file upload_11.cif (mmCIF, N, CA and C atoms)
data_target
loop_
_atom_site.label_atom_id
_atom_site.label_comp_id
_atom_site.auth_asym_id
_atom_site.auth_seq_id
_atom_site.Cartn_x
_atom_site.Cartn_y
_atom_site.Cartn_z
N MET A 1 18.24 71.88 112.65
CA MET A 1 18.92 72.57 111.71
C MET A 1 20.25 71.95 111.45
N LEU A 2 20.96 72.65 110.76
CA LEU A 2 22.20 72.03 110.37
C LEU A 2 23.29 72.48 111.34
N SER A 3 24.09 71.60 111.51
CA SER A 3 25.19 71.92 112.41
C SER A 3 26.31 72.57 111.62
N TYR A 4 27.18 73.17 112.36
CA TYR A 4 28.25 73.87 111.72
C TYR A 4 29.18 72.91 111.00
N THR A 5 29.38 71.81 111.52
CA THR A 5 30.29 70.87 110.91
C THR A 5 29.72 70.35 109.61
N SER A 6 28.47 70.13 109.53
CA SER A 6 27.93 69.64 108.28
C SER A 6 27.87 70.75 107.26
N THR A 7 27.64 71.98 107.65
CA THR A 7 27.63 73.08 106.72
C THR A 7 29.04 73.35 106.27
N ASN A 8 29.89 73.32 107.16
CA ASN A 8 31.28 73.55 106.83
C ASN A 8 31.78 72.48 105.86
N ARG A 9 31.34 71.34 106.08
CA ARG A 9 31.73 70.22 105.23
C ARG A 9 31.16 70.41 103.82
N ARG A 10 29.96 70.84 103.69
CA ARG A 10 29.35 71.06 102.40
C ARG A 10 30.07 72.18 101.66
N VAL A 11 30.40 73.19 102.36
CA VAL A 11 31.06 74.33 101.74
C VAL A 11 32.43 73.88 101.22
N ARG A 12 33.13 73.10 102.01
CA ARG A 12 34.44 72.63 101.59
C ARG A 12 34.31 71.71 100.38
N LEU A 13 33.32 70.91 100.36
CA LEU A 13 33.10 70.00 99.24
C LEU A 13 32.76 70.79 97.99
N TRP A 14 31.92 71.82 98.19
CA TRP A 14 31.56 72.64 97.05
C TRP A 14 32.76 73.41 96.55
N ALA A 15 33.59 73.90 97.39
CA ALA A 15 34.77 74.67 97.02
C ALA A 15 35.76 73.78 96.29
N ALA A 16 35.91 72.54 96.69
CA ALA A 16 36.83 71.59 96.03
C ALA A 16 36.33 71.27 94.63
N ALA A 17 35.02 71.12 94.48
CA ALA A 17 34.47 70.81 93.17
C ALA A 17 34.68 71.98 92.22
N VAL A 18 34.49 73.21 92.71
CA VAL A 18 34.69 74.39 91.88
C VAL A 18 36.16 74.50 91.50
N ALA A 19 37.06 74.20 92.41
CA ALA A 19 38.50 74.29 92.14
C ALA A 19 38.90 73.26 91.08
N LEU A 20 38.35 72.08 91.18
CA LEU A 20 38.64 71.05 90.16
C LEU A 20 38.11 71.45 88.79
N LEU A 21 36.95 72.02 88.80
CA LEU A 21 36.37 72.44 87.53
C LEU A 21 37.20 73.56 86.93
N ALA A 22 37.66 74.48 87.74
CA ALA A 22 38.48 75.58 87.26
C ALA A 22 39.82 75.07 86.76
N ALA A 23 40.40 74.11 87.44
CA ALA A 23 41.68 73.54 87.01
C ALA A 23 41.52 72.81 85.69
N GLY A 24 40.41 72.12 85.51
CA GLY A 24 40.17 71.42 84.23
C GLY A 24 39.98 72.39 83.10
N ALA A 25 39.29 73.51 83.36
CA ALA A 25 39.08 74.49 82.32
C ALA A 25 40.37 75.19 81.99
N ALA A 26 41.21 75.39 82.94
CA ALA A 26 42.49 76.05 82.72
C ALA A 26 43.41 75.13 81.92
N GLY A 27 43.30 73.84 82.09
CA GLY A 27 44.15 72.88 81.34
C GLY A 27 43.77 72.81 79.88
N CYS A 28 42.55 73.02 79.54
CA CYS A 28 42.12 72.96 78.13
C CYS A 28 42.58 74.16 77.36
N GLY A 29 42.68 75.26 78.01
CA GLY A 29 43.04 76.47 77.29
C GLY A 29 44.50 76.78 77.38
N SER A 30 45.37 75.90 77.82
CA SER A 30 46.77 76.22 77.99
C SER A 30 47.46 76.30 76.65
N ALA A 31 48.53 77.08 76.61
CA ALA A 31 49.26 77.29 75.37
C ALA A 31 50.39 76.30 75.23
N ASP A 32 50.43 75.31 76.07
CA ASP A 32 51.51 74.33 76.03
C ASP A 32 51.29 73.37 74.86
N ASP A 33 52.20 73.39 73.87
CA ASP A 33 52.03 72.57 72.67
C ASP A 33 52.43 71.14 72.89
N SER A 34 53.23 70.86 73.85
CA SER A 34 53.68 69.48 74.06
C SER A 34 52.53 68.57 74.43
N ALA A 35 51.59 69.09 75.22
CA ALA A 35 50.44 68.28 75.60
C ALA A 35 49.52 68.10 74.40
N ALA A 36 49.41 69.14 73.56
CA ALA A 36 48.55 69.04 72.39
C ALA A 36 49.14 68.06 71.38
N LYS A 37 50.45 68.05 71.22
CA LYS A 37 51.08 67.14 70.28
C LYS A 37 50.95 65.70 70.73
N ALA A 38 50.99 65.48 71.98
CA ALA A 38 50.90 64.12 72.49
C ALA A 38 49.52 63.55 72.29
N SER A 39 48.50 64.38 72.33
CA SER A 39 47.16 63.86 72.20
C SER A 39 46.71 63.77 70.74
N THR A 40 47.38 64.46 69.79
CA THR A 40 47.00 64.41 68.39
C THR A 40 47.62 63.18 67.75
N PRO A 41 46.82 62.40 67.05
CA PRO A 41 47.39 61.19 66.44
C PRO A 41 48.33 61.58 65.29
N ALA A 42 49.30 60.74 65.03
CA ALA A 42 50.28 60.98 63.97
C ALA A 42 49.58 60.85 62.61
N PRO A 43 49.99 61.65 61.61
CA PRO A 43 49.34 61.53 60.30
C PRO A 43 49.62 60.17 59.67
N ARG A 44 48.62 59.67 58.99
CA ARG A 44 48.76 58.35 58.35
C ARG A 44 49.63 58.48 57.10
N PRO A 45 50.39 57.47 56.79
CA PRO A 45 51.23 57.54 55.59
C PRO A 45 50.35 57.45 54.33
N THR A 46 50.75 58.16 53.29
CA THR A 46 50.01 58.15 52.03
C THR A 46 50.46 56.94 51.22
N VAL A 47 49.50 56.17 50.76
CA VAL A 47 49.80 54.96 49.97
C VAL A 47 49.72 55.33 48.49
N THR A 48 50.80 55.09 47.76
CA THR A 48 50.83 55.35 46.32
C THR A 48 51.02 54.03 45.61
N VAL A 49 50.12 53.75 44.67
CA VAL A 49 50.19 52.50 43.90
C VAL A 49 50.70 52.84 42.51
N THR A 50 51.76 52.19 42.10
CA THR A 50 52.33 52.41 40.77
C THR A 50 52.22 51.11 40.00
N ALA A 51 51.56 51.15 38.86
CA ALA A 51 51.42 49.96 38.02
C ALA A 51 52.37 50.10 36.84
N THR A 52 53.09 49.05 36.56
CA THR A 52 54.02 49.04 35.44
C THR A 52 53.58 47.96 34.47
N ALA A 53 53.34 48.35 33.23
CA ALA A 53 52.94 47.39 32.21
C ALA A 53 54.12 47.14 31.29
N THR A 54 54.39 45.89 31.04
CA THR A 54 55.48 45.52 30.15
C THR A 54 54.88 44.99 28.87
N VAL A 55 55.22 45.62 27.76
CA VAL A 55 54.72 45.20 26.46
C VAL A 55 55.81 44.38 25.79
N THR A 56 55.45 43.15 25.45
CA THR A 56 56.40 42.30 24.74
C THR A 56 56.02 42.31 23.27
N ALA A 57 56.90 42.80 22.46
CA ALA A 57 56.63 42.89 21.02
C ALA A 57 56.82 41.52 20.39
N SER A 58 55.85 41.14 19.57
CA SER A 58 55.99 39.87 18.86
C SER A 58 56.90 40.10 17.68
N PRO A 59 57.75 39.15 17.38
CA PRO A 59 58.70 39.35 16.27
C PRO A 59 57.98 39.36 14.93
N GLU A 60 58.54 40.13 14.02
CA GLU A 60 57.98 40.16 12.66
C GLU A 60 58.26 38.83 11.99
N PRO A 61 57.37 38.42 11.07
CA PRO A 61 57.62 37.16 10.39
C PRO A 61 58.91 37.24 9.57
N GLY A 62 59.61 36.14 9.55
CA GLY A 62 60.87 36.09 8.82
C GLY A 62 60.65 36.07 7.33
N PRO A 63 61.70 36.18 6.57
CA PRO A 63 61.55 36.17 5.12
C PRO A 63 61.09 34.81 4.62
N THR A 64 60.30 34.84 3.57
CA THR A 64 59.81 33.60 2.97
C THR A 64 60.87 33.09 2.00
N VAL A 65 61.20 31.84 2.15
CA VAL A 65 62.21 31.25 1.28
C VAL A 65 61.49 30.59 0.11
N THR A 66 61.82 31.02 -1.07
CA THR A 66 61.23 30.46 -2.28
C THR A 66 62.33 29.77 -3.06
N LYS A 67 62.11 28.50 -3.36
CA LYS A 67 63.08 27.77 -4.14
C LYS A 67 62.69 27.85 -5.61
N THR A 68 63.63 28.22 -6.43
CA THR A 68 63.38 28.33 -7.85
C THR A 68 64.19 27.24 -8.55
N LYS A 69 63.50 26.49 -9.36
CA LYS A 69 64.17 25.43 -10.11
C LYS A 69 64.52 25.98 -11.48
N THR A 70 65.77 25.95 -11.78
CA THR A 70 66.24 26.46 -13.06
C THR A 70 66.47 25.28 -13.99
N VAL A 71 65.89 25.36 -15.16
CA VAL A 71 66.07 24.31 -16.16
C VAL A 71 67.33 24.65 -16.93
N LYS A 72 68.30 23.73 -16.88
CA LYS A 72 69.57 24.00 -17.53
C LYS A 72 69.49 23.79 -19.04
N LYS A 73 68.73 22.78 -19.45
CA LYS A 73 68.59 22.51 -20.88
C LYS A 73 67.10 22.60 -21.22
N PRO A 74 66.71 23.61 -21.97
CA PRO A 74 65.30 23.68 -22.33
C PRO A 74 64.94 22.54 -23.26
N GLY A 75 63.68 22.19 -23.26
CA GLY A 75 63.19 21.11 -24.12
C GLY A 75 63.27 21.53 -25.58
N PRO A 76 63.06 20.59 -26.44
CA PRO A 76 63.17 20.91 -27.87
C PRO A 76 62.04 21.84 -28.31
N THR A 77 62.37 22.70 -29.22
CA THR A 77 61.39 23.60 -29.79
C THR A 77 60.75 22.90 -30.98
N VAL A 78 59.44 22.82 -30.96
CA VAL A 78 58.72 22.14 -32.04
C VAL A 78 58.21 23.20 -33.00
N THR A 79 58.61 23.07 -34.22
CA THR A 79 58.14 23.98 -35.26
C THR A 79 57.36 23.16 -36.28
N VAL A 80 56.12 23.56 -36.52
CA VAL A 80 55.28 22.85 -37.48
C VAL A 80 55.27 23.66 -38.76
N THR A 81 55.69 23.03 -39.81
CA THR A 81 55.70 23.69 -41.11
C THR A 81 54.67 23.01 -41.99
N VAL A 82 53.76 23.77 -42.53
CA VAL A 82 52.71 23.22 -43.38
C VAL A 82 53.04 23.57 -44.82
N THR A 83 53.14 22.54 -45.62
CA THR A 83 53.37 22.78 -47.05
C THR A 83 52.16 22.28 -47.81
N ARG A 84 51.72 23.06 -48.70
CA ARG A 84 50.54 22.69 -49.49
C ARG A 84 51.00 22.36 -50.90
N ALA A 85 50.55 21.22 -51.33
CA ALA A 85 50.89 20.81 -52.69
C ALA A 85 49.85 21.35 -53.66
N ALA A 86 50.26 21.52 -54.87
CA ALA A 86 49.33 21.98 -55.89
C ALA A 86 48.38 20.84 -56.22
N SER A 87 47.17 21.19 -56.65
CA SER A 87 46.22 20.13 -56.97
C SER A 87 46.71 19.36 -58.18
N GLY A 88 46.46 18.08 -58.14
CA GLY A 88 46.92 17.23 -59.22
C GLY A 88 47.05 15.81 -58.73
N THR A 89 48.05 15.12 -59.16
CA THR A 89 48.24 13.72 -58.81
C THR A 89 49.07 13.63 -57.54
N VAL A 90 48.60 12.76 -56.63
CA VAL A 90 49.30 12.56 -55.38
C VAL A 90 49.68 11.10 -55.28
N ARG A 91 50.93 10.82 -54.97
CA ARG A 91 51.39 9.45 -54.81
C ARG A 91 51.20 9.05 -53.37
N SER A 92 50.65 7.88 -53.13
CA SER A 92 50.50 7.40 -51.76
C SER A 92 51.06 5.98 -51.71
N GLY A 93 52.29 5.84 -51.37
CA GLY A 93 52.92 4.53 -51.23
C GLY A 93 53.01 3.80 -52.56
N ASN A 94 52.86 2.45 -52.53
CA ASN A 94 52.96 1.62 -53.72
C ASN A 94 51.60 1.32 -54.32
N THR A 95 50.54 1.93 -53.82
CA THR A 95 49.21 1.58 -54.29
C THR A 95 48.87 2.26 -55.58
N GLY A 96 49.66 3.16 -56.04
CA GLY A 96 49.35 3.81 -57.30
C GLY A 96 49.06 5.26 -57.06
N THR A 97 48.33 5.86 -57.93
CA THR A 97 48.04 7.27 -57.82
C THR A 97 46.57 7.48 -57.57
N SER A 98 46.28 8.60 -56.98
CA SER A 98 44.90 8.96 -56.69
C SER A 98 44.71 10.37 -57.15
N THR A 99 43.66 10.61 -57.84
CA THR A 99 43.40 11.98 -58.27
C THR A 99 42.54 12.66 -57.23
N GLY A 100 42.95 13.79 -56.84
CA GLY A 100 42.27 14.61 -55.85
C GLY A 100 43.16 15.79 -55.57
N THR A 101 42.71 16.61 -54.66
CA THR A 101 43.51 17.79 -54.36
C THR A 101 44.75 17.41 -53.58
N GLY A 102 44.66 16.39 -52.72
CA GLY A 102 45.82 16.00 -51.93
C GLY A 102 46.04 16.90 -50.74
N THR A 103 45.28 17.93 -50.61
CA THR A 103 45.39 18.83 -49.47
C THR A 103 44.02 19.01 -48.86
N CYS A 104 44.00 19.36 -47.62
CA CYS A 104 42.71 19.63 -46.97
C CYS A 104 42.68 21.12 -46.63
N SER A 105 41.57 21.74 -46.86
CA SER A 105 41.44 23.17 -46.61
C SER A 105 41.20 23.48 -45.14
N ILE A 106 40.58 22.55 -44.39
CA ILE A 106 40.33 22.74 -42.95
C ILE A 106 41.18 21.73 -42.21
N ARG A 107 41.99 22.20 -41.29
CA ARG A 107 42.87 21.33 -40.51
C ARG A 107 42.48 21.41 -39.03
N SER A 108 42.85 20.37 -38.28
CA SER A 108 42.59 20.35 -36.84
C SER A 108 43.54 21.33 -36.14
N ASN A 109 43.35 21.52 -34.86
CA ASN A 109 44.22 22.42 -34.09
C ASN A 109 45.65 21.91 -34.08
N ALA A 110 45.84 20.61 -34.23
CA ALA A 110 47.17 20.02 -34.26
C ALA A 110 47.81 20.13 -35.65
N GLY A 111 47.05 20.58 -36.64
CA GLY A 111 47.58 20.75 -37.98
C GLY A 111 47.35 19.57 -38.90
N ASN A 112 46.54 18.60 -38.49
CA ASN A 112 46.28 17.40 -39.28
C ASN A 112 44.98 17.56 -40.07
N CYS A 113 44.87 16.77 -41.15
CA CYS A 113 43.61 16.75 -41.91
C CYS A 113 42.60 15.90 -41.16
N TYR A 114 41.34 16.27 -41.26
CA TYR A 114 40.29 15.49 -40.61
C TYR A 114 40.00 14.23 -41.43
N ALA A 115 39.40 13.24 -40.75
CA ALA A 115 38.95 12.02 -41.41
C ALA A 115 37.47 11.86 -41.10
N ALA A 116 36.78 11.07 -41.90
CA ALA A 116 35.36 10.84 -41.68
C ALA A 116 35.17 10.17 -40.33
N GLY A 117 34.16 10.60 -39.56
CA GLY A 117 33.84 10.02 -38.27
C GLY A 117 34.38 10.82 -37.09
N GLN A 118 35.33 11.74 -37.33
CA GLN A 118 35.86 12.56 -36.24
C GLN A 118 34.87 13.68 -35.90
N PHE A 119 34.97 14.19 -34.67
CA PHE A 119 34.11 15.29 -34.24
C PHE A 119 34.53 16.59 -34.91
N CYS A 120 33.56 17.47 -35.12
CA CYS A 120 33.81 18.78 -35.73
C CYS A 120 33.92 19.83 -34.63
N ARG A 121 34.68 20.88 -34.91
CA ARG A 121 34.70 22.04 -34.01
C ARG A 121 33.44 22.86 -34.24
N ASN A 122 33.08 23.68 -33.29
CA ASN A 122 31.88 24.52 -33.43
C ASN A 122 32.01 25.46 -34.63
N SER A 123 33.21 25.92 -34.89
CA SER A 123 33.39 26.85 -36.00
C SER A 123 33.31 26.17 -37.37
N ASP A 124 33.34 24.81 -37.40
CA ASP A 124 33.31 24.07 -38.67
C ASP A 124 31.94 23.53 -39.03
N HIS A 125 30.89 23.80 -38.26
CA HIS A 125 29.56 23.24 -38.53
C HIS A 125 29.10 23.64 -39.94
N GLY A 126 28.78 22.63 -40.75
CA GLY A 126 28.28 22.85 -42.11
C GLY A 126 29.37 23.04 -43.16
N ALA A 127 30.64 23.04 -42.76
CA ALA A 127 31.74 23.27 -43.72
C ALA A 127 32.07 21.98 -44.47
N THR A 128 32.75 22.14 -45.62
CA THR A 128 33.16 21.00 -46.43
C THR A 128 34.66 21.10 -46.68
N THR A 129 35.36 19.97 -46.59
CA THR A 129 36.81 19.90 -46.84
C THR A 129 37.13 18.54 -47.41
N THR A 130 38.40 18.22 -47.54
CA THR A 130 38.82 16.90 -48.03
C THR A 130 39.68 16.23 -46.99
N THR A 131 39.78 14.93 -47.05
CA THR A 131 40.64 14.16 -46.17
C THR A 131 42.06 14.20 -46.74
N ALA A 132 43.00 13.57 -46.05
CA ALA A 132 44.39 13.53 -46.53
C ALA A 132 44.48 12.78 -47.85
N SER A 133 43.58 11.82 -48.08
CA SER A 133 43.60 11.06 -49.33
C SER A 133 42.83 11.76 -50.44
N GLY A 134 42.14 12.84 -50.13
CA GLY A 134 41.44 13.61 -51.15
C GLY A 134 39.95 13.39 -51.19
N SER A 135 39.37 12.56 -50.32
CA SER A 135 37.92 12.34 -50.30
C SER A 135 37.23 13.55 -49.68
N ARG A 136 36.07 13.92 -50.23
CA ARG A 136 35.34 15.08 -49.73
C ARG A 136 34.53 14.69 -48.49
N ILE A 137 34.63 15.48 -47.42
CA ILE A 137 33.87 15.26 -46.19
C ILE A 137 33.20 16.57 -45.81
N ARG A 138 32.11 16.43 -45.05
CA ARG A 138 31.32 17.60 -44.64
C ARG A 138 31.02 17.46 -43.15
N CYS A 139 31.01 18.58 -42.41
CA CYS A 139 30.68 18.59 -40.98
C CYS A 139 29.16 18.63 -40.88
N ALA A 140 28.55 17.53 -40.40
CA ALA A 140 27.09 17.44 -40.33
C ALA A 140 26.69 16.87 -38.97
N TYR A 141 25.47 17.17 -38.57
CA TYR A 141 24.94 16.68 -37.29
C TYR A 141 24.50 15.24 -37.50
N SER A 142 25.14 14.30 -36.77
CA SER A 142 24.84 12.89 -36.95
C SER A 142 25.06 12.18 -35.61
N SER A 143 24.11 11.34 -35.20
CA SER A 143 24.20 10.57 -33.95
C SER A 143 24.42 11.47 -32.74
N ASN A 144 23.61 12.49 -32.62
CA ASN A 144 23.63 13.42 -31.49
C ASN A 144 24.95 14.18 -31.35
N ALA A 145 25.70 14.34 -32.42
CA ALA A 145 26.95 15.09 -32.36
C ALA A 145 27.28 15.60 -33.76
N TRP A 146 28.12 16.61 -33.84
CA TRP A 146 28.61 17.12 -35.11
C TRP A 146 29.84 16.32 -35.47
N ARG A 147 29.78 15.64 -36.63
CA ARG A 147 30.88 14.78 -37.06
C ARG A 147 31.17 15.02 -38.54
N TRP A 148 32.42 14.68 -38.93
CA TRP A 148 32.78 14.74 -40.35
C TRP A 148 32.23 13.49 -41.03
N THR A 149 31.45 13.67 -42.07
CA THR A 149 30.86 12.54 -42.82
C THR A 149 31.19 12.71 -44.30
N TYR A 150 31.17 11.58 -45.02
CA TYR A 150 31.46 11.66 -46.47
C TYR A 150 30.37 12.47 -47.16
N ALA A 151 30.78 13.34 -48.04
CA ALA A 151 29.83 14.22 -48.71
C ALA A 151 29.28 13.59 -49.96
#
call {"tool": "encode", "arguments": {"input": "upload_11.cif", "output": "structure tokens"}}
result
Amino acid sequence: MLSYTSTNRRVRLWAAAVALLAAGAAGCGSADDSAAKASTPAPRPTVTVTATATVTASPEPGPTVTKTKTVKKPGPTVTVTVTRAASGTVRSGNTGTSTGTGTCSIRSNAGNCYAAGQFCRNSDHGATTTTASGSRIRCAYSSNAWRWTYA
């Protein structure tokens, strides 16, 4: 059987284990805040990220410089005056006289009388007029073009 010393030893060992367990349980439930603060980790710092955007305004375009050339003396004014002579005798230099109208009823855009062989305007197709010397000419289709020809 068991001897007293071994039983006594077991009882003491069991009593020590129970005392340790009771002391540990008593330490967990203590109201001492200093021990609780020491074991709680410190709160982590909050990280705040702030982004700043810088807007660089592009400059507006500058004023456009326009150079104006001023003419100090205007060119001559050209005035074309057309005088029509009455039909009858027309003198042309020293060659004598020529009978004819002496005027042409259809003139070019420049104000001149047409001559035979010149091109006709579209509005003159089929028309008849006289040259500066009084010869009768007609606008007719000739050589793939409308030309003034002797009538």
call {"tool": "resolve_selection", "arguments": {"input": "upload_11.cif", "expression": "the PyMOL selection byres (((chain A and resi 132 and name CA) around 8) and name CA)", "output": "MDAnalysis selection string"}}
result
chainID A and resid 102:104 113:115 130:131 133:135
call {"tool": "residues_near_point", "arguments": {"input": "upload_11.cif", "point": "(24.3, 12.7, -38.7)", "cutoff": "12 Å", "atoms": "only C-alpha atoms", "output": "PDB file with N, CA and C atoms, keeping the file's coordinate frame"}}
result
ATOM      1  N   ALA A 116      36.780  11.070 -41.900  1.00  0.00           N
ATOM      2  CA  ALA A 116      35.360  10.840 -41.680  1.00  0.00           C
ATOM      3  C   ALA A 116      35.170  10.170 -40.330  1.00  0.00           C
ATOM      4  N   GLY A 117      34.160  10.600 -39.560  1.00  0.00           N
ATOM      5  CA  GLY A 117      33.840  10.020 -38.270  1.00  0.00           C
ATOM      6  C   GLY A 117      34.380  10.820 -37.090  1.00  0.00           C
ATOM      7  N   GLN A 118      35.330  11.740 -37.330  1.00  0.00           N
ATOM      8  CA  GLN A 118      35.860  12.560 -36.240  1.00  0.00           C
ATOM      9  C   GLN A 118      34.870  13.680 -35.900  1.00  0.00           C
ATOM     10  N   PHE A 119      34.970  14.190 -34.670  1.00  0.00           N
ATOM     11  CA  PHE A 119      34.110  15.290 -34.240  1.00  0.00           C
ATOM     12  C   PHE A 119      34.530  16.590 -34.910  1.00  0.00           C
ATOM     13  N   CYS A 120      33.560  17.470 -35.120  1.00  0.00           N
ATOM     14  CA  CYS A 120      33.810  18.780 -35.730  1.00  0.00           C
ATOM     15  C   CYS A 120      33.920  19.830 -34.630  1.00  0.00           C
ATOM     16  N   HIS A 125      30.890  23.800 -38.260  1.00  0.00           N
ATOM     17  CA  HIS A 125      29.560  23.240 -38.530  1.00  0.00           C
ATOM     18  C   HIS A 125      29.100  23.640 -39.940  1.00  0.00           C
ATOM     19  N   GLY A 126      28.780  22.630 -40.750  1.00  0.00           N
ATOM     20  CA  GLY A 126      28.280  22.850 -42.110  1.00  0.00           C
ATOM     21  C   GLY A 126      29.370  23.040 -43.160  1.00  0.00           C
ATOM     22  N   ARG A 138      32.110  16.430 -45.050  1.00  0.00           N
ATOM     23  CA  ARG A 138      31.320  17.600 -44.640  1.00  0.00           C
ATOM     24  C   ARG A 138      31.020  17.460 -43.150  1.00  0.00           C
ATOM     25  N   CYS A 139      31.010  18.580 -42.410  1.00  0.00           N
ATOM     26  CA  CYS A 139      30.680  18.590 -40.980  1.00  0.00           C
ATOM     27  C   CYS A 139      29.160  18.630 -40.880  1.00  0.00           C
ATOM     28  N   ALA A 140      28.550  17.530 -40.400  1.00  0.00           N
ATOM     29  CA  ALA A 140      27.090  17.440 -40.330  1.00  0.00           C
ATOM     30  C   ALA A 140      26.690  16.870 -38.970  1.00  0.00           C
ATOM     31  N   TYR A 141      25.470  17.170 -38.570  1.00  0.00           N
ATOM     32  CA  TYR A 141      24.940  16.680 -37.290  1.00  0.00           C
ATOM     33  C   TYR A 141      24.500  15.240 -37.500  1.00  0.00           C
ATOM     34  N   SER A 142      25.140  14.300 -36.770  1.00  0.00           N
ATOM     35  CA  SER A 142      24.840  12.890 -36.950  1.00  0.00           C
ATOM     36  C   SER A 142      25.060  12.180 -35.610  1.00  0.00           C
ATOM     37  N   SER A 143      24.110  11.340 -35.200  1.00  0.00           N
ATOM     38  CA  SER A 143      24.200  10.570 -33.950  1.00  0.00           C
ATOM     39  C   SER A 143      24.420  11.470 -32.740  1.00  0.00           C
ATOM     40  N   ASN A 144      23.610  12.490 -32.620  1.00  0.00           N
ATOM     41  CA  ASN A 144      23.630  13.420 -31.490  1.00  0.00           C
ATOM     42  C   ASN A 144      24.950  14.180 -31.350  1.00  0.00           C
ATOM     43  N   ALA A 145      25.700  14.340 -32.420  1.00  0.00           N
ATOM     44  CA  ALA A 145      26.950  15.090 -32.360  1.00  0.00           C
ATOM     45  C   ALA A 145      27.280  15.600 -33.760  1.00  0.00           C
ATOM     46  N   TRP A 146      28.120  16.610 -33.840  1.00  0.00           N
ATOM     47  CA  TRP A 146      28.610  17.120 -35.110  1.00  0.00           C
ATOM     48  C   TRP A 146      29.840  16.320 -35.470  1.00  0.00           C
ATOM     49  N   ARG A 147      29.780  15.640 -36.630  1.00  0.00           N
ATOM     50  CA  ARG A 147      30.880  14.780 -37.060  1.00  0.00           C
ATOM     51  C   ARG A 147      31.170  15.020 -38.540  1.00  0.00           C
ATOM     52  N   TRP A 148      32.420  14.680 -38.930  1.00  0.00           N
ATOM     53  CA  TRP A 148      32.780  14.740 -40.350  1.00  0.00           C
ATOM     54  C   TRP A 148      32.230  13.490 -41.030  1.00  0.00           C
ATOM     55  N   THR A 149      31.450  13.670 -42.070  1.00  0.00           N
ATOM     56  CA  THR A 149      30.860  12.540 -42.820  1.00  0.00           C
ATOM     57  C   THR A 149      31.190  12.710 -44.300  1.00  0.00           C
ATOM     58  N   TYR A 150      31.170  11.580 -45.020  1.00  0.00           N
ATOM     59  CA  TYR A 150      31.460  11.660 -46.470  1.00  0.00           C
ATOM     60  C   TYR A 150      30.370  12.470 -47.160  1.00  0.00           C
ATOM     61  N   ALA A 151      30.780  13.340 -48.040  1.00  0.00           N
ATOM     62  CA  ALA A 151      29.830  14.220 -48.710  1.00  0.00           C
ATOM     63  C   ALA A 151      29.280  13.590 -49.960  1.00  0.00           C
TER      64      ALA A 151
END
call {"tool": "atom_distance", "arguments": {"input": "upload_11.cif", "atom1": "atom N of A:Arg10", "atom2": "atom CA of A:Gly24"}}
result
22.0 Å
call {"tool": "atom_distance", "arguments": {"input": "upload_11.cif", "atom1": "atom C of A:Arg136", "atom2": "atom C of A:Asp124"}}
result
13.2 Å
call {"tool": "atom_distance", "arguments": {"input": "upload_11.cif", "atom1": "atom CA of A:Ala110", "atom2": "atom N of A:Thr128"}}
result
18.5 Å
